[in-house]
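Shown below: model.json, with JSON, C-alpha atoms and all ligand atoms.
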```
[["chain", "number", "residue", "atom", "x", "y", "z"],
["A", 1, "MET", "CA", 4.64, 60.34, -44.22],
["A", 2, "GLU", "CA", 1.71, 58.86, -42.39],
["A", 3, "LYS", "CA", -1.60, 59.75, -43.92],
["A", 4, "ILE", "CA", -4.53, 60.59, -41.64],
["A", 5, "VAL", "CA", -8.04, 60.49, -43.03],
["A", 6, "ARG", "CA", -10.14, 63.47, -41.91],
["A", 7, "VAL", "CA", -13.79, 63.37, -42.83],
["A", 8, "GLU", "CA", -16.94, 65.23, -41.93],
["A", 9, "CYS", "CA", -20.68, 64.61, -41.95],
["A", 10, "HIS", "CA", -22.18, 65.84, -45.23],
["A", 11, "HIS", "CA", -25.37, 66.63, -43.35],
["A", 12, "CYS", "CA", -24.30, 68.72, -40.33],
["A", 13, "GLY", "CA", -20.69, 69.46, -41.32],
["A", 14, "GLU", "CA", -19.27, 68.22, -38.03],
["A", 15, "SER", "CA", -15.94, 66.44, -37.98],
["A", 16, "LEU", "CA", -16.04, 62.69, -37.48],
["A", 17, "THR", "CA", -12.60, 62.77, -35.89],
["A", 18, "HIS", "CA", -13.11, 62.15, -32.19],
["A", 19, "PRO", "CA", -11.39, 64.88, -30.10],
["A", 20, "GLU", "CA", -9.94, 62.46, -27.56],
["A", 21, "LYS", "CA", -10.38, 58.86, -28.60],
["A", 22, "THR", "CA", -7.55, 57.08, -30.35],
["A", 23, "VAL", "CA", -7.18, 53.70, -31.99],
["A", 24, "ALA", "CA", -3.74, 52.20, -31.55],
["A", 25, "GLY", "CA", -2.29, 55.65, -30.92],
["A", 26, "SER", "CA", -3.88, 57.33, -33.93],
["A", 27, "PRO", "CA", -6.87, 59.69, -34.10],
["A", 28, "ALA", "CA", -10.16, 57.84, -34.31],
["A", 29, "LEU", "CA", -13.14, 58.39, -36.59],
["A", 30, "HIS", "CA", -16.34, 58.14, -34.58],
["A", 31, "PHE", "CA", -19.54, 56.61, -35.94],
["A", 32, "LYS", "CA", -22.76, 55.31, -34.49],
["A", 33, "ALA", "CA", -23.57, 51.86, -35.80],
["A", 34, "ILE", "CA", -26.41, 49.37, -35.81],
["A", 35, "GLU", "CA", -26.55, 45.94, -37.33],
["A", 36, "LYS", "CA", -28.21, 46.02, -40.75],
["A", 37, "GLY", "CA", -31.76, 44.71, -40.61],
["A", 38, "THR", "CA", -32.23, 45.62, -36.94],
["A", 39, "ASN", "CA", -33.47, 48.75, -35.21],
["A", 40, "GLY", "CA", -30.50, 49.19, -32.95],
["A", 41, "PRO", "CA", -29.66, 50.25, -30.33],
["A", 42, "LYS", "CA", -27.00, 52.52, -31.83],
["A", 43, "VAL", "CA", -23.56, 51.78, -30.47],
["A", 44, "ASP", "CA", -20.25, 53.60, -30.75],
["A", 45, "ILE", "CA", -17.66, 52.39, -33.19],
["A", 46, "PHE", "CA", -14.24, 53.94, -33.77],
["A", 47, "LEU", "CA", -12.14, 53.39, -36.87],
["A", 48, "SER", "CA", -8.47, 54.21, -37.06],
["A", 49, "ALA", "CA", -8.08, 57.41, -39.07],
["A", 50, "LYS", "CA", -4.75, 56.22, -40.40],
["A", 51, "PHE", "CA", -4.85, 55.47, -44.09],
["A", 52, "ASN", "CA", -4.66, 51.74, -44.74],
["A", 53, "ASP", "CA", -4.95, 50.93, -41.04],
["A", 54, "PHE", "CA", -8.07, 48.87, -40.52],
["A", 55, "ARG", "CA", -7.99, 48.60, -36.75],
["A", 56, "LYS", "CA", -11.01, 49.72, -34.79],
["A", 57, "ALA", "CA", -12.40, 50.04, -31.28],
["A", 58, "GLY", "CA", -15.73, 50.39, -29.55],
["A", 59, "HIS", "CA", -18.62, 47.97, -29.83],
["A", 60, "LYS", "CA", -17.65, 44.51, -31.05],
["A", 61, "PHE", "CA", -19.96, 43.08, -33.69],
["A", 62, "PRO", "CA", -19.39, 39.51, -34.83],
["A", 63, "LYS", "CA", -17.01, 39.38, -37.78],
["A", 64, "GLY", "CA", -18.87, 39.59, -41.07],
["A", 65, "THR", "CA", -21.79, 41.61, -39.66],
["A", 66, "VAL", "CA", -22.91, 44.36, -42.04],
["A", 67, "VAL", "CA", -23.66, 47.58, -40.19],
["A", 68, "ARG", "CA", -25.42, 50.84, -40.94],
["A", 69, "LEU", "CA", -23.35, 53.86, -39.94],
["A", 70, "PHE", "CA", -24.69, 57.13, -38.56],
["A", 71, "CYS", "CA", -23.25, 60.54, -37.72],
["A", 72, "PRO", "CA", -22.51, 60.75, -33.96],
["A", 73, "HIS", "CA", -23.56, 64.42, -33.98],
["A", 74, "CYS", "CA", -26.81, 64.66, -35.96],
["A", 75, "GLU", "CA", -27.54, 60.90, -36.24],
["A", 76, "GLU", "CA", -28.09, 61.15, -39.99],
["A", 77, "GLU", "CA", -27.32, 57.88, -41.75],
["A", 78, "PHE", "CA", -24.41, 57.57, -44.15],
["A", 79, "LYS", "CA", -26.10, 55.86, -47.06],
["A", 80, "SER", "CA", -24.36, 53.15, -48.98],
["A", 81, "SER", "CA", -23.25, 54.03, -52.49],
["A", 82, "ALA", "CA", -23.12, 52.13, -55.74],
["A", 83, "LEU", "CA", -19.41, 51.57, -55.19],
["A", 84, "LYS", "CA", -18.44, 48.12, -54.02],
["A", 85, "CYS", "CA", -15.71, 47.18, -51.57],
["A", 86, "ALA", "CA", -12.89, 45.58, -53.53],
["A", 87, "THR", "CA", -12.31, 43.14, -50.68],
["A", 88, "CYS", "CA", -15.74, 41.82, -49.70],
["A", 89, "GLY", "CA", -18.12, 43.21, -52.34],
["A", 90, "GLU", "CA", -20.35, 45.11, -49.90],
["A", 91, "ASN", "CA", -21.52, 48.58, -50.95],
["A", 92, "LEU", "CA", -19.29, 51.31, -49.57],
["A", 93, "ILE", "CA", -20.48, 54.37, -47.74],
["A", 94, "ILE", "CA", -18.96, 57.61, -48.99],
["A", 95, "VAL", "CA", -17.94, 60.40, -46.65],
["A", 96, "HIS", "CA", -16.52, 63.79, -47.56],
["A", 97, "SER", "CA", -13.17, 65.15, -46.49],
["A", 98, "GLU", "CA", -13.05, 67.93, -43.94],
["A", 99, "ASN", "CA", -11.13, 70.53, -45.88],
["A", 100, "GLY", "CA", -13.75, 71.21, -48.49],
["A", 101, "THR", "CA", -11.82, 69.56, -51.28],
["A", 102, "LEU", "CA", -13.43, 66.99, -53.51],
["A", 103, "ASN", "CA", -11.65, 64.18, -51.74],
["A", 104, "ILE", "CA", -13.95, 61.45, -50.58],
["A", 105, "THR", "CA", -13.41, 58.38, -48.49],
["A", 106, "GLY", "CA", -15.12, 55.07, -49.01],
["A", 107, "ILE", "CA", -15.81, 52.97, -45.93],
["A", 108, "CYS", "CA", -16.87, 49.34, -46.07],
["A", 109, "ARG", "CA", -19.77, 48.36, -43.81],
["A", 110, "THR", "CA", -18.69, 44.81, -43.15],
["A", 111, "VAL", "CA", -17.21, 44.24, -39.69],
["A", 112, "GLY", "CA", -13.83, 42.59, -40.05],
["A", 113, "CYS", "CA", -13.39, 44.42, -43.31],
["A", 114, "LEU", "CA", -14.40, 48.05, -42.58],
["A", 115, "LYS", "CA", -11.82, 49.27, -45.04],
["A", 116, "HIS", "CA", -11.50, 52.92, -45.65],
["A", 117, "LYS", "CA", -9.59, 54.53, -48.42],
["A", 118, "THR", "CA", -9.32, 57.83, -50.19],
["A", 119, "ASN", "CA", -10.30, 58.74, -53.69],
["A", 120, "GLU", "CA", -6.90, 57.62, -54.86],
["A", 121, "GLU", "CA", -8.68, 54.34, -55.33],
["A", 122, "LEU", "CA", -12.15, 55.66, -56.11],
["A", 123, "PRO", "CA", -13.58, 57.50, -59.11],
["A", 124, "THR", "CA", -13.32, 61.27, -58.67],
["A", 125, "GLU", "CA", -16.95, 61.73, -59.61],
["A", 126, "PRO", "CA", -18.62, 58.96, -57.68],
["A", 127, "PRO", "CA", -22.16, 57.97, -58.44],
["A", 128, "ILE", "CA", -23.54, 58.66, -54.97],
["A", 129, "ALA", "CA", -26.70, 56.61, -54.87],
["A", 130, "SER", "CA", -28.60, 55.44, -51.88],
["A", 131, "ALA", "CA", -29.36, 51.79, -51.40],
["B", 1, "ZN", "ZN", -24.00, 64.92, -38.86],
["B", 2, "ZN", "ZN", -15.29, 45.18, -47.41]]
```

In structure tokens, write the structure found in this file.
Ligand SMILES: [Zn+2]
Ligand SMILES: [Zn+2]
Amino acid sequence: MEKIVRVECHHCGESLTHPEKTVAGSPALHFKAIEKGTNGPKVDIFLSAKFNDFRKAGHKFPKGTVVRLFCPHCEEEFKSSALKCATCGENLIIVHSENGTLNITGICRTVGCLKHKTNEELPTEPPIASA
């Protein structure tokens, strides 16, 4: 069965699943993004919510750009964690699942990578540190 990642903002509790937008026919996770080291402007970025589907839509950053991701509702930043992306080595951001379980999802901040995965591949008690 196809696995859909559903996550929420740890700050305001709002769902990051966009109510209408889809990526390649699947529900989309909505973030605001700016290029790391700049002050914006914040642009919309949509990641496929399908597990192991790394397609995305919205603003196109050059491949390899590292972005900072923000909640589209309260604009709070999702801080990077101490966990590294297994593919590119960038620090992952950690977002919480919607259903109140301890499931977490790690999202890579590198455009062209932007992997997301569930805690099946992450420690169950992640060291959530800001960077
Ligand atoms: Zn929020
Ligand atoms: Zn990566």

Pairwise distance for atom CA of A:Phe31 and atom CA of A:Ser97, rounded to one decimal in Å: 15.0 Å

Around ligand ZN 2 (chain B), at most 7 Å away and counting all atoms listed in the file, which residues are there? Put them as a compact mmCIF listing (two decimals) with C-alpha atoms, in the coordinates of the input, please.
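Okay, this is what ended up in pocket.txt:
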```txt
# COMPACT_ATOMS: atom_id res chain seq x y z
CA CYS A 85 -15.71 47.18 -51.57
CA ALA A 86 -12.89 45.58 -53.53
CA THR A 87 -12.31 43.14 -50.68
CA CYS A 88 -15.74 41.82 -49.70
CA GLY A 89 -18.12 43.21 -52.34
CA GLU A 90 -20.35 45.11 -49.90
CA CYS A 108 -16.87 49.34 -46.07
CA ARG A 109 -19.77 48.36 -43.81
CA THR A 110 -18.69 44.81 -43.15
CA CYS A 113 -13.39 44.42 -43.31
CA LEU A 114 -14.40 48.05 -42.58
CA LYS A 115 -11.82 49.27 -45.04
```

Residue contacts of A:Glu77 (9 Å, all atoms listed in the file) excluding same-chain residues fewer than 5 positions away, as a VMD selection string: chain A and resid 32 68 to 71

Test item: residues lying within 6 Å of ligand ZN 1 (chain B) with all atoms listed in the file, as a VMD selection string: chain A and resid 9 11 to 12 14 71 73 to 76

Between atom CA of A:Arg6 and atom CA of A:Pro62, distance in Å (one decimal):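 Taking atom CA of A:Arg6 and atom CA of A:Pro62, their separation equals 26.6 Å.
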
Gap from atom CA of A:Lys36 to atom CA of A:Lys84 - Å, one decimal: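 Atom CA of A:Lys84 lies at a distance of 16.6 Å from atom CA of A:Lys36.
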
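Compared by their closest atoms to A:Thr22, and using only C-alpha atoms, the residues A:Lys63, A:Lys56, A:His96, A:Lys79 rank with A:Lys56 nearest.
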
Minimum-distance residue to A:Leu83, chosen among A:Thr65, A:Ala33, A:Val5, A:Ile107 (using all atoms listed in the file):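 For A:Leu83, the nearest of the given residues is A:Ile107.
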
Would you list the contacts of A:His18 as a PDB file with C-alpha atoms, in the coordinates of the input, taking every protein, DNA or RNA residue within 7 Å and counting all atoms listed in the file, but skipping same-chain residues closer than 3 positions in sequence?
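around-v5.pdb, written as the output of this step:
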```pdb
ATOM      1  CA  LYS A  21     -10.380  58.860 -28.600  1.00  0.00           C
ATOM      2  CA  PRO A  27      -6.870  59.690 -34.100  1.00  0.00           C
ATOM      3  CA  ALA A  28     -10.160  57.840 -34.310  1.00  0.00           C
ATOM      4  CA  LEU A  29     -13.140  58.390 -36.590  1.00  0.00           C
ATOM      5  CA  HIS A  30     -16.340  58.140 -34.580  1.00  0.00           C
TER       6      HIS A  30
END
```

Which of A:Ala24, A:Ile104, A:Ile4, A:Ile94 sits closest to A:Asn52 [using only C-alpha atoms]: A:Ile4

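Using only C-alpha atoms, the nearest neighbour of A:Pro72 within the list A:Glu20, A:Glu35, A:Glu98, A:Glu8 is A:Glu8.
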